[in-house]
$ cat start.txt   # compact mmCIF, C-alpha atoms and all ligand atoms
# COMPACT_ATOMS: atom_id res chain seq x y z
CA MET L 186 0.00 0.00 0.00
CA ASP L 187 2.53 2.60 -1.10
CA GLU L 188 1.85 6.26 -1.76
CA LYS L 189 1.58 5.72 -5.54
CA TRP L 190 -0.98 2.94 -5.09
CA ILE L 191 -3.03 5.13 -2.80
CA GLU L 192 -2.86 8.07 -5.20
CA ASN L 193 -3.96 5.93 -8.13
CA GLY L 194 -6.83 4.55 -6.12
CA ILE L 195 -8.02 8.00 -5.13
CA GLU L 196 -7.76 9.18 -8.75
CA ASN L 197 -9.81 6.27 -10.05
CA LEU L 198 -12.51 6.84 -7.46
CA ALA L 199 -12.56 10.58 -8.18
CA ALA L 200 -13.00 9.83 -11.88
CA GLU L 201 -16.02 7.68 -11.10
CA PHE L 202 -17.66 9.39 -8.11
CA GLY L 203 -16.28 12.93 -8.30
CA GLU L 204 -13.50 14.59 -6.36
CA LYS L 205 -15.90 16.19 -3.92
CA ALA L 206 -17.49 12.90 -2.88
CA VAL L 207 -14.08 11.28 -2.44
CA GLY L 208 -12.89 14.24 -0.33
CA LYS L 209 -15.95 13.95 1.88
CA ALA L 210 -15.42 10.22 2.24
CA VAL L 211 -11.85 10.84 3.42
CA GLU L 212 -13.08 13.43 5.93
CA SER L 213 -15.76 11.16 7.37
CA VAL L 214 -13.31 8.29 7.83
CA LYS L 215 -10.99 10.70 9.65
CA ASN L 216 -13.79 11.65 12.04
CA PHE L 217 -15.32 8.25 12.67
CA GLN L 218 -14.89 6.83 16.13
CA VAL L 219 -15.97 3.54 17.64
CA GLU L 220 -15.59 2.14 21.13
CA VAL L 221 -13.51 -0.95 21.76
CA PRO L 222 -14.94 -3.38 24.32
CA THR L 223 -12.63 -4.38 27.16
CA TRP L 224 -14.16 -7.86 27.24
CA THR L 225 -13.15 -8.85 23.73
CA LEU L 226 -9.49 -8.45 24.60
CA GLY L 227 -9.63 -11.01 27.38
CA SER L 228 -10.60 -14.66 27.49
CA PHE L 229 -14.22 -13.86 26.51
CA GLY L 230 -15.45 -16.15 23.79
CA GLY L 231 -13.29 -19.15 24.67
CA GLY L 232 -16.42 -21.19 25.08
CA ARG L 233 -17.24 -24.71 26.08
CA PHE L 234 -15.18 -26.44 23.42
CA GLY L 235 -11.88 -26.30 25.21
CA ASN L 236 -11.65 -22.66 26.22
CA TYR L 237 -8.85 -21.94 23.77
CA THR L 238 -7.40 -18.47 24.15
CA PRO L 239 -4.81 -17.10 21.76
CA PRO L 240 -1.32 -16.19 22.91
CA GLY L 241 -1.13 -12.72 24.39
CA TYR L 242 -4.77 -12.31 25.37
CA ALA L 243 -5.34 -9.79 28.16
CA LYS L 244 -5.53 -11.24 31.66
CA THR L 245 -6.19 -8.09 33.66
CA ILE L 246 -8.00 -4.82 33.12
CA GLN L 247 -4.55 -3.18 32.81
CA HIS L 248 -3.65 -5.52 29.95
CA LYS L 249 -6.96 -4.74 28.30
CA LEU L 250 -6.34 -1.02 28.53
CA ASP L 251 -2.75 -1.41 27.28
CA ASP L 252 -4.08 -3.26 24.25
CA ALA L 253 -6.90 -0.80 23.66
CA ALA L 254 -4.40 2.07 23.85
CA PHE L 255 -2.18 0.36 21.31
CA ILE L 256 -5.13 -0.18 18.99
CA ASN L 257 -6.00 3.50 19.33
CA LYS L 258 -2.41 4.51 18.65
CA LEU L 259 -2.50 2.57 15.39
CA THR L 260 -5.95 3.67 14.23
CA GLY L 261 -6.75 6.96 15.97
CA ALA L 262 -10.34 5.76 15.84
CA CYS L 263 -11.07 4.39 19.28
CA PRO L 264 -10.14 6.68 22.15
CA ARG L 265 -12.97 5.26 24.28
CA VAL L 266 -13.41 1.80 25.73
CA ALA L 267 -16.75 0.20 26.54
CA THR L 268 -16.80 -1.57 29.89
CA HIS L 269 -18.89 -4.27 31.60
CA VAL L 270 -19.62 -3.69 35.28
CA LEU L 271 -19.09 -7.21 36.61
CA TRP L 272 -16.13 -8.01 34.38
CA ASP L 273 -14.32 -4.75 34.97
CA PHE L 274 -15.50 -3.21 38.24
CA SER L 275 -16.37 -6.00 40.61
CA ARG L 276 -14.64 -7.70 43.50
CA ASN L 277 -17.14 -10.48 44.14
CA GLY L 278 -18.70 -11.03 40.71
CA LEU L 279 -22.09 -9.99 42.05
CA GLU L 280 -21.91 -6.25 42.57
CA GLY L 281 -20.13 -3.37 40.94
CA ASP L 282 -17.71 -1.17 42.82
CA TYR L 283 -17.49 2.54 42.02
CA ASN L 284 -13.94 2.78 43.30
CA LEU L 285 -12.75 0.18 40.83
CA ALA L 286 -14.37 2.19 38.05
CA LEU L 287 -12.61 5.27 39.32
CA LYS L 288 -9.32 3.42 39.22
CA THR L 289 -10.02 2.18 35.69
CA ASN L 290 -10.83 5.71 34.65
CA GLN L 291 -7.47 6.90 35.90
CA GLU L 292 -5.71 4.02 34.16
CA CYS L 293 -7.50 5.01 30.96
CA LYS L 294 -6.31 8.60 31.25
CA VAL L 295 -2.70 7.59 31.72
CA ARG L 296 -2.94 5.70 28.45
CA GLY L 297 -4.63 8.50 26.51
CA LEU L 298 -7.98 6.70 26.63
CA ALA L 299 -11.36 7.51 28.14
CA MET L 300 -14.25 5.39 29.30
CA GLY L 301 -17.26 5.16 27.02
CA ALA L 302 -20.51 3.24 27.36
CA VAL L 303 -20.98 1.26 30.55
CA ASN L 304 -22.75 -2.09 30.36
CA PRO L 305 -24.42 -3.41 33.48
CA THR L 306 -23.80 -7.16 33.56
CA TYR L 307 -27.06 -8.98 34.13
CA PHE L 308 -25.91 -12.43 33.12
CA LEU L 309 -23.17 -13.84 35.33
CA LYS L 310 -23.41 -15.29 38.82
CA GLY L 311 -26.85 -15.38 40.35
CA SER L 312 -28.90 -14.75 37.23
CA GLN L 313 -30.20 -18.29 36.82
CA SER L 314 -33.77 -17.02 36.92
CA GLY L 315 -33.04 -13.95 34.83
CA SER L 316 -32.44 -10.41 35.95
CA PHE L 317 -35.12 -7.77 35.47
CA ILE L 318 -37.94 -10.30 35.20
CA SER L 319 -36.61 -12.67 37.83
CA PRO L 320 -39.36 -13.84 40.21
CA SER L 321 -36.92 -13.10 43.04
CA GLU L 322 -37.31 -9.58 44.33
CA LYS L 323 -33.85 -9.73 45.83
CA THR L 324 -32.33 -10.57 42.44
CA ARG L 325 -34.25 -7.80 40.69
CA LYS L 326 -33.18 -5.33 43.32
CA ARG L 327 -29.52 -6.32 42.93
CA TYR L 328 -29.70 -5.67 39.20
CA ILE L 329 -31.58 -2.42 39.65
CA ASP L 330 -28.83 -1.25 41.99
CA GLN L 331 -26.23 -2.27 39.44
CA THR L 332 -28.03 -0.32 36.73
CA VAL L 333 -28.11 2.80 38.86
CA LEU L 334 -24.42 2.35 39.62
CA ALA L 335 -23.63 1.87 35.91
CA ALA L 336 -25.44 5.13 35.19
CA ARG L 337 -23.42 6.93 37.83
CA ILE L 338 -20.18 5.54 36.41
CA ALA L 339 -21.26 6.46 32.88
CA ARG L 340 -22.17 10.00 33.87
CA GLU L 341 -19.22 10.76 36.09
CA LEU L 342 -16.52 8.78 34.36
CA GLY L 343 -17.74 7.71 30.92
CA ASN L 344 -19.62 9.37 28.09
CA GLY L 345 -23.04 9.21 29.74
CA VAL L 346 -24.26 6.10 27.90
CA ILE L 347 -25.38 2.82 29.45
CA ALA L 348 -26.22 -0.20 27.31
CA LEU L 349 -28.57 -2.79 28.75
CA TRP L 350 -28.72 -6.37 27.59
CA PHE L 351 -30.85 -8.87 29.47
CA PRO L 352 -30.41 -12.65 29.55
CA ASP L 353 -34.03 -13.09 30.63
CA GLY L 354 -36.28 -15.40 28.71
CA SER L 355 -37.48 -18.97 28.58
CA LEU L 356 -36.52 -22.32 27.15
CA TYR L 357 -39.98 -23.82 26.64
CA PRO L 358 -43.46 -22.60 25.79
CA GLY L 359 -45.42 -22.57 29.02
CA GLN L 360 -42.39 -21.87 31.17
CA ILE L 361 -43.28 -18.22 31.69
CA ASP L 362 -46.22 -15.97 30.91
CA LEU L 363 -45.14 -13.86 27.94
CA LYS L 364 -47.38 -10.89 28.71
CA ASP L 365 -46.41 -10.82 32.36
CA ALA L 366 -42.75 -11.06 31.40
CA TYR L 367 -43.03 -7.99 29.20
CA LEU L 368 -44.87 -6.04 31.87
CA LYS L 369 -42.33 -7.05 34.49
CA MET L 370 -39.47 -5.94 32.26
CA LYS L 371 -41.18 -2.62 31.69
CA GLU L 372 -41.90 -2.13 35.37
CA THR L 373 -38.33 -2.94 36.45
CA LEU L 374 -36.89 -0.71 33.76
CA ILE L 375 -39.10 2.18 34.81
CA GLU L 376 -38.11 1.64 38.41
CA SER L 377 -34.37 1.58 37.63
CA CYS L 378 -34.42 4.46 35.22
CA GLY L 379 -36.49 6.56 37.60
CA ALA L 380 -33.39 6.55 39.80
CA ILE L 381 -31.07 7.62 36.96
CA PRO L 382 -30.35 11.25 36.05
CA LYS L 383 -32.03 12.44 32.86
CA GLU L 384 -28.80 13.21 31.05
CA VAL L 385 -27.76 9.55 31.02
CA ARG L 386 -28.65 7.86 27.75
CA ILE L 387 -30.12 4.41 28.14
CA LEU L 388 -29.78 2.05 25.21
CA ILE L 389 -31.89 -1.09 25.31
CA GLU L 390 -30.43 -4.01 23.43
CA TYR L 391 -32.60 -6.71 21.94
CA LYS L 392 -31.77 -10.27 20.99
CA VAL L 393 -33.99 -12.83 19.41
CA PHE L 394 -32.39 -15.87 21.05
CA GLU L 395 -29.93 -16.94 23.69
CA PRO L 396 -29.80 -17.77 26.46
CA GLY L 397 -33.55 -18.16 25.99
CA THR L 398 -34.15 -20.65 23.21
CA TYR L 399 -37.92 -20.23 23.08
CA SER L 400 -38.34 -16.61 24.13
CA THR L 401 -36.23 -13.69 25.24
CA ALA L 402 -37.57 -10.79 27.28
CA VAL L 403 -36.55 -8.21 24.65
CA PRO L 404 -36.53 -10.14 21.38
CA ASP L 405 -36.63 -7.42 18.76
CA TRP L 406 -36.20 -3.74 18.02
CA GLY L 407 -39.94 -3.15 18.28
CA THR L 408 -39.94 -4.34 21.88
CA SER L 409 -36.80 -2.28 22.62
CA CYS L 410 -38.46 0.72 21.06
CA LEU L 411 -41.65 0.35 23.12
CA LEU L 412 -39.63 -0.04 26.30
CA ALA L 413 -37.43 2.93 25.41
CA ARG L 414 -40.49 5.05 24.71
CA SER L 415 -41.88 4.18 28.12
CA LEU L 416 -38.69 5.56 29.66
CA GLY L 417 -38.72 8.88 27.83
CA LYS L 418 -36.48 10.84 25.49
CA ASN L 419 -33.14 9.75 26.89
CA ALA L 420 -33.72 6.10 26.03
CA GLY L 421 -33.15 4.37 22.71
CA VAL L 422 -32.50 1.09 20.95
CA LEU L 423 -29.22 -0.75 20.75
CA ILE L 424 -28.76 -2.78 17.57
CA ASP L 425 -26.33 -5.67 17.76
CA LEU L 426 -25.77 -7.29 14.38
CA GLY L 427 -25.76 -10.81 15.79
CA HIS L 428 -29.09 -10.53 17.55
CA HIS L 429 -31.48 -11.00 14.64
CA HIS L 430 -33.05 -13.80 12.71
CA HIS L 431 -31.07 -14.50 9.57
CA GLY L 432 -32.00 -12.29 6.66
CA THR L 433 -33.39 -9.45 8.78
CA ASN L 434 -33.11 -6.15 6.92
CA ILE L 435 -31.10 -4.32 9.58
CA GLU L 436 -30.57 -1.18 7.52
CA GLN L 437 -34.32 -0.72 7.39
CA ILE L 438 -34.46 -0.84 11.18
CA VAL L 439 -31.80 1.87 11.21
CA ALA L 440 -33.80 3.98 8.77
CA VAL L 441 -36.96 3.75 10.87
CA LEU L 442 -35.18 4.60 14.13
CA ILE L 443 -33.55 7.61 12.49
CA ALA L 444 -36.89 8.67 11.02
CA GLU L 445 -38.34 8.46 14.54
CA LYS L 446 -35.42 10.62 15.74
CA MET L 447 -34.50 8.08 18.37
CA SER L 448 -31.16 8.20 20.02
CA CYS L 449 -29.72 4.76 19.36
CA GLY L 450 -26.52 2.79 19.10
CA PHE L 451 -24.71 -0.14 17.53
CA HIS L 452 -22.80 -3.15 18.66
CA PHE L 453 -20.82 -4.08 15.59
CA ASN L 454 -19.72 -7.60 14.73
CA THR L 455 -20.22 -10.08 11.92
CA ARG L 456 -22.91 -12.63 12.33
CA TYR L 457 -22.50 -15.86 10.42
CA ALA L 458 -24.41 -18.34 12.52
CA ALA L 459 -25.40 -16.88 15.85
CA ASP L 460 -24.40 -14.06 18.14
CA ASP L 461 -21.42 -11.69 17.93
CA ASP L 462 -19.50 -14.44 16.26
CA GLN L 463 -16.65 -12.66 14.71
CA ALA L 464 -14.77 -9.48 13.85
CA VAL L 465 -16.55 -7.05 11.56
CA GLU L 466 -16.02 -7.82 7.91
CA PRO L 467 -16.33 -5.27 5.15
CA ASN L 468 -19.42 -6.90 3.72
CA GLN L 469 -22.32 -5.48 1.77
CA GLU L 470 -24.70 -5.52 4.69
CA MET L 471 -22.37 -3.35 6.73
CA ALA L 472 -21.98 -0.86 3.89
CA ARG L 473 -25.76 -0.71 3.42
CA ILE L 474 -26.19 -0.05 7.13
CA PHE L 475 -23.63 2.74 6.94
CA TYR L 476 -25.46 4.22 4.00
CA GLU L 477 -28.55 4.67 6.22
CA LEU L 478 -26.43 6.11 9.02
CA VAL L 479 -24.83 8.55 6.59
CA ARG L 480 -28.20 9.49 5.07
CA GLY L 481 -29.56 10.02 8.57
CA ASN L 482 -26.60 12.23 9.43
CA VAL L 483 -25.83 10.34 12.63
CA VAL L 484 -22.46 8.91 11.77
CA THR L 485 -19.75 11.53 12.07
CA ASN L 486 -19.86 10.72 15.73
CA SER L 487 -18.66 13.97 17.19
CA GLU L 488 -19.63 14.20 20.86
CA ASP L 489 -22.95 15.89 20.12
CA LYS L 490 -24.25 13.19 17.79
CA ASN L 491 -26.93 11.03 19.27
CA TRP L 492 -25.88 7.59 18.02
CA ALA L 493 -23.30 5.56 19.91
CA TYR L 494 -20.94 3.17 18.12
CA MET L 495 -19.34 0.23 19.82
CA ILE L 496 -17.74 -3.02 18.79
CA ASP L 497 -19.09 -6.11 20.52
CA GLN L 498 -17.41 -9.19 19.20
CA ALA L 499 -16.48 -12.50 20.67
CA SER L 500 -13.27 -14.09 19.65
CA GLY L 501 -12.56 -17.77 19.69
CA ARG L 502 -9.13 -18.67 18.45
CA GLU L 503 -8.22 -15.46 16.66
CA ASN L 504 -5.61 -12.98 17.83
CA ARG L 505 -7.63 -10.38 19.74
CA ILE L 506 -5.75 -7.35 18.46
CA HIS L 507 -5.76 -8.49 14.85
CA ALA L 508 -9.50 -9.04 15.18
CA LEU L 509 -10.22 -5.60 16.59
CA LEU L 510 -7.98 -3.82 14.07
CA HIS L 511 -9.74 -5.76 11.34
CA SER L 512 -13.13 -4.63 12.68
CA ILE L 513 -12.13 -0.97 12.75
CA ASP L 514 -10.74 -1.23 9.22
CA SER L 515 -13.95 -2.91 8.02
CA LEU L 516 -16.12 -0.22 9.59
CA GLN L 517 -14.05 2.50 7.93
CA ILE L 518 -14.30 0.74 4.56
CA SER L 519 -18.07 0.43 4.97
CA LEU L 520 -18.37 4.09 5.84
CA ALA L 521 -16.23 5.16 2.88
CA LYS L 522 -18.38 3.10 0.51
CA ALA L 523 -21.55 4.60 1.93
CA MET L 524 -20.14 8.09 1.42
CA LEU L 525 -19.59 7.43 -2.28
CA VAL L 526 -23.16 6.45 -3.16
CA ASP L 527 -24.53 8.89 -5.72
CA THR L 528 -27.89 9.51 -4.07
CA SER L 529 -29.07 12.19 -6.49
CA LYS L 530 -28.45 9.91 -9.46
CA ILE L 531 -30.42 7.20 -7.68
CA GLU L 532 -33.26 9.63 -7.02
CA GLY L 533 -33.35 10.42 -10.74
CA TYR L 534 -33.80 6.73 -11.56
CA ARG L 535 -36.50 6.44 -8.92
CA LYS L 536 -38.47 9.18 -10.63
CA THR L 537 -38.44 7.28 -13.92
CA ASP L 538 -38.98 3.94 -12.17
CA GLU L 539 -35.73 2.50 -13.49
CA ILE L 540 -35.21 0.27 -10.52
CA ILE L 541 -32.34 -1.81 -11.83
CA LEU L 542 -30.43 1.32 -12.79
CA ALA L 543 -31.02 2.68 -9.29
CA ASN L 544 -29.76 -0.59 -7.83
CA ARG L 545 -26.69 -0.65 -10.10
CA THR L 546 -25.80 2.89 -9.09
CA PHE L 547 -26.12 1.95 -5.42
CA ASN L 548 -23.93 -1.10 -5.94
CA ASP L 549 -21.27 0.87 -7.84
CA ALA L 550 -20.28 2.27 -4.46
CA ILE L 551 -21.55 -0.31 -1.98
CA ILE L 552 -20.28 -3.43 -3.73
CA ASN L 553 -17.92 -2.52 -6.54
CA ALA L 554 -15.83 0.40 -5.32
CA ASP L 555 -12.42 -0.40 -3.85
CA VAL L 556 -12.14 2.25 -1.13
CA ARG L 557 -8.99 1.07 0.61
CA SER L 558 -7.19 4.12 -0.82
CA VAL L 559 -9.75 6.44 0.80
CA VAL L 560 -9.24 4.85 4.19
CA ALA L 561 -5.45 4.88 3.78
CA ARG L 562 -5.49 8.54 2.78
CA ALA L 563 -7.60 9.41 5.84
CA ARG L 564 -5.06 7.70 8.07
CA ILE L 565 -2.05 9.33 6.44
CA GLU L 566 -3.67 12.74 6.85
CA LYS L 567 -3.91 11.98 10.57
CA ASN L 568 -0.27 10.87 10.69
CA LEU L 569 -1.30 7.29 11.27
CA PRO L 570 -0.01 4.17 9.55
CA ALA L 571 -1.79 3.56 6.23
CA ASP L 572 -2.28 -0.09 7.16
CA PRO L 573 -2.68 -0.61 10.93
CA VAL L 574 -2.81 -4.40 10.67
CA ALA L 575 0.50 -4.52 8.79
CA GLU L 576 1.93 -2.01 11.25
CA TYR L 577 0.82 -4.17 14.17
CA VAL L 578 2.48 -7.24 12.70
CA LYS L 579 5.69 -5.22 12.31
CA SER L 580 5.50 -3.57 15.72
CA GLY L 581 6.75 -6.36 17.98
CA TYR L 582 3.85 -5.69 20.38
CA GLN L 583 2.53 -9.21 19.99
CA LYS L 584 5.79 -10.68 21.14
CA LYS L 585 5.76 -8.35 24.12
CA ILE L 586 2.26 -9.34 25.27
CA GLN L 587 2.88 -13.03 24.85
CA ASP L 588 5.36 -12.78 27.69
CA ARG L 589 3.13 -10.87 30.11
C1 LIG Y 601 -24.69 -10.21 24.82
C2 LIG Y 601 -24.93 -8.80 24.31
C3 LIG Y 601 -24.25 -7.78 25.14
C4 LIG Y 601 -22.84 -8.17 25.47
C5 LIG Y 601 -22.79 -9.56 26.04
C6 LIG Y 601 -21.37 -9.96 26.34
O1 LIG Y 601 -25.09 -11.13 23.87
O2 LIG Y 601 -24.51 -8.70 22.99
O3 LIG Y 601 -24.21 -6.56 24.46
O4 LIG Y 601 -22.41 -7.27 26.40
O5 LIG Y 601 -23.35 -10.45 25.13
MN MN Y 602 -24.13 -6.68 22.21
MN MN Y 603 -24.45 -10.34 21.77
$ encode --input "start.txt" --output "structure tokens"
Amino acid sequence: MDEKWIENGIENLAAEFGEKAVGKAVESVKNFQVEVPTWTLGSFGGGRFGNYTPPGYAKTIQHKLDDAAFINKLTGACPRVATHVLWDFSRNGLEGDYNLALKTNQECKVRGLAMGAVNPTYFLKGSQSGSFISPSEKTRKRYIDQTVLAARIARELGNGVIALWFPDGSLYPGQIDLKDAYLKMKETLIESCGAIPKEVRILIEYKVFEPGTYSTAVPDWGTSCLLARSLGKNAGVLIDLGHHHHGTNIEQIVAVLIAEKMSCGFHFNTRYAADDDQAVEPNQEMARIFYELVRGNVVTNSEDKNWAYMIDQASGRENRIHALLHSIDSLQISLAKAMLVDTSKIEGYRKTDEIILANRTFNDAIINADVRSVVARARIEKNLPADPVAEYVKSGYQKKIQDR
């Protein structure tokens, strides 16, 4: 990826999409930011088939922050880390501890990082019967307290966003009453969020399966949306790519949420079979999603934008840092493609009902354009390596962390 190659690439794209569009694509890649999750850097994702973890995975929160800082140094795209209360700020695995969050915040600062979205952890020890819809009042209360604590951490130490994902659900029809479960979820949410300051943004994540195999308490974006609405303006929907039935048109969900002016967020990953399987790949679906985010003007991600972007990927056997760098690269490629779509040309074809021509124009950017030169140019303009993955391989960092 030398300078000449990059220049040629930019020239070819400018010839096809216009210099202005290419310039804007470069700018938007420069501005795009996404949060890196602490949990992906650790043993998370090892799973029940042998718990394999790759050499150099992070064993402590300090390791995780070291790795996140290195990823940010190479990409300039992820100054914030997303955290999970019980993985990152707990002594007993049951409750969060504000002082540990404070410590993490200081450790972030030393490394040029900041804390981003805070995730209450509703799914570890003691959540056998669920969390917010658990029949045990004591359990519900524990998770309400954790939610309020997460909000405090997010407001005082993070970026004011909490992301809620619930493991509640059922394995068999008949196991729980579906209507009661929804009402219980709503009631517990209202109770928790009543104790949270208005300026905290609450993102409600949905997931169609797992751990519930028959039902989950918040299965889809419609349910998230209803629950968010019942909490007021500071609540929105969190879309995680891996949480849908196969074939779901996720970009349409994005379009509707933007049309409804909801403040929402993303957990990015690539879904092949189930949930947050793998690192983000620069696939067509991701580029189509970015097109809606760009059209909705919610993607430049400066602090005042009301959509939050986070990576949430599990890793099995892959090198954690390679996988996260790959995700960031893929998101930037998807964004650059979305920026090149010639929307006015498409609108012209819509007027004359030339649907295939509209589709071909869309695909010229989304599928056919090679935008690696745009992304490389954006990085070079920020004094970053043109290819962060190659730079990582060269850096010697991997060797260093394998010995820690
Ligand atoms: C869930 C959900 C949450 C994530 C956990 C680890 O499936 O995606 O966002 O925090 O996994
Ligand atoms: Mn998620
Ligand atoms: Mn998930």
$ residues_near_ligand --input "start.txt" --ligand "ligand MN 602 (chain Y)" --cutoff "6 Å" --atoms "only C-alpha atoms and all ligand atoms" --output "NGL selection string"
:L and (425 or 452 or 497)
$ residues_near_point --input "start.txt" --point "(-7.6, 2.3, 20.4)" --cutoff "9 Å" --atoms "only C-alpha atoms" --output "PyMOL selection string"
chain L and resi 219-221+250+252-266+298+510
$ closest_residue --input "start.txt" --among "L:Ile381, L:Met495, L:Ile191, L:Leu285" --to "ligand LIG 601 (chain Y)" --atoms "only C-alpha atoms and all ligand atoms"
L:Met495
$ residues_around --input "start.txt" --residues "Met524 in chain L" --least-positions-apart "2" --cutoff "10 Å" --atoms "only C-alpha atoms" --output "PDB file with C-alpha atoms, in the coordinates of the input"
ATOM      1  CA  PHE L 202     -17.660   9.390  -8.110  1.00  0.00           C
ATOM      2  CA  ALA L 206     -17.490  12.900  -2.880  1.00  0.00           C
ATOM      3  CA  VAL L 207     -14.080  11.280  -2.440  1.00  0.00           C
ATOM      4  CA  GLY L 208     -12.890  14.240  -0.330  1.00  0.00           C
ATOM      5  CA  LYS L 209     -15.950  13.950   1.880  1.00  0.00           C
ATOM      6  CA  ALA L 210     -15.420  10.220   2.240  1.00  0.00           C
ATOM      7  CA  VAL L 211     -11.850  10.840   3.420  1.00  0.00           C
ATOM      8  CA  GLU L 212     -13.080  13.430   5.930  1.00  0.00           C
ATOM      9  CA  SER L 213     -15.760  11.160   7.370  1.00  0.00           C
ATOM     10  CA  VAL L 214     -13.310   8.290   7.830  1.00  0.00           C
ATOM     11  CA  ALA L 472     -21.980  -0.860   3.890  1.00  0.00           C
ATOM     12  CA  PHE L 475     -23.630   2.740   6.940  1.00  0.00           C
ATOM     13  CA  TYR L 476     -25.460   4.220   4.000  1.00  0.00           C
ATOM     14  CA  VAL L 479     -24.830   8.550   6.590  1.00  0.00           C
ATOM     15  CA  ARG L 480     -28.200   9.490   5.070  1.00  0.00           C
ATOM     16  CA  ILE L 518     -14.300   0.740   4.560  1.00  0.00           C
ATOM     17  CA  SER L 519     -18.070   0.430   4.970  1.00  0.00           C
ATOM     18  CA  LEU L 520     -18.370   4.090   5.840  1.00  0.00           C
ATOM     19  CA  ALA L 521     -16.230   5.160   2.880  1.00  0.00           C
ATOM     20  CA  LYS L 522     -18.380   3.100   0.510  1.00  0.00           C
ATOM     21  CA  VAL L 526     -23.160   6.450  -3.160  1.00  0.00           C
ATOM     22  CA  ASP L 527     -24.530   8.890  -5.720  1.00  0.00           C
ATOM     23  CA  THR L 528     -27.890   9.510  -4.070  1.00  0.00           C
ATOM     24  CA  ALA L 550     -20.280   2.270  -4.460  1.00  0.00           C
ATOM     25  CA  ILE L 551     -21.550  -0.310  -1.980  1.00  0.00           C
TER      26      ILE L 551
END
$ residues_near_ligand --input "start.txt" --ligand "ligand MN 603 (chain Y)" --cutoff "9 Å" --atoms "only C-alpha atoms and all ligand atoms" --output "count of residues only"
18
$ residues_around --input "start.txt" --residues "Ala493 in chain L" --least-positions-apart "4" --cutoff "8 Å" --atoms "all atoms listed in the file" --output "mmCIF file with C-alpha atoms, in the frame of the given file"
data_model
loop_
_atom_site.group_PDB
_atom_site.id
_atom_site.type_symbol
_atom_site.label_atom_id
_atom_site.label_comp_id
_atom_site.auth_asym_id
_atom_site.auth_seq_id
_atom_site.Cartn_x
_atom_site.Cartn_y
_atom_site.Cartn_z
ATOM 1 C CA VAL L 219 -15.970 3.540 17.640
ATOM 2 C CA CYS L 449 -29.720 4.760 19.360
ATOM 3 C CA GLY L 450 -26.520 2.790 19.100
ATOM 4 C CA PHE L 451 -24.710 -0.140 17.530
ATOM 5 C CA ASN L 486 -19.860 10.720 15.730
#
$ residues_around --input "start.txt" --residues "range 402-416 of chain L" --least-positions-apart "4" --cutoff "9 Å" --atoms "all atoms listed in the file" --output "PyMOL selection string"
chain L and resi 318+350-355+363+366-367+370-371+374-375+378-379+387-394+397+420-424+428-429+438+442+447
$ atom_distance --input "start.txt" --atom1 "CA of Arg340 in chain L" --atom2 "CA of Val385 in chain L"
6.3 Å
$ residues_near_point --input "start.txt" --point "(1.9, -11.9, 23.5)" --cutoff "10 Å" --atoms "all atoms listed in the file" --output "list of chain:residue names"
L:Pro239, L:Pro240, L:Gly241, L:Tyr242, L:Ala243, L:Asn504, L:Gly581, L:Tyr582, L:Gln583, L:Lys584, L:Lys585, L:Ile586, L:Gln587, L:Asp588, L:Arg589
$ closest_residue --input "start.txt" --among "L:Ala554, L:Val303, L:Ile541, L:Ala508" --to "ligand LIG 601 (chain Y)" --atoms "only C-alpha atoms and all ligand atoms"
L:Val303
$ closest_residue --input "start.txt" --among "L:Gln437, L:Asn419, L:Gln517, L:Asn544" --to "Ala563 in chain L" --atoms "only C-alpha atoms"
L:Gln517
$ atom_distance --input "start.txt" --atom1 "CA of Glu204 in chain L" --atom2 "CA of Arg562 in chain L"
13.6 Å
$ closest_residue --input "start.txt" --among "L:Ala200, L:Met471, L:Leu226, L:Leu349" --to "ligand LIG 601 (chain Y)" --atoms "only C-alpha atoms and all ligand atoms"
L:Leu349
$ atom_distance --input "start.txt" --atom1 "CA of Gln313 in chain L" --atom2 "CA of Lys244 in chain L"
26.2 Å
$ residues_around --input "start.txt" --residues "range 277-279 of chain L" --least-positions-apart "4" --cutoff "8 Å" --atoms "all atoms listed in the file" --output "list in words"
Leu271, Trp272, Leu309, Lys310 and Gly311 of chain L
$ closest_residue --input "start.txt" --among "L:Leu356, L:Phe317, L:Thr245, L:Ile347" --to "Leu368 in chain L" --atoms "all atoms listed in the file"
L:Phe317
$ axis_aligned_box --input "start.txt" --around "ligand LIG 601 (chain Y)" --padding-each-side "8 Å" --output "AutoDock Vina command-line options"
--center_x -23.2 --center_y -8.8 --center_z 24.7 --size_x 19.7 --size_y 20.6 --size_z 19.4
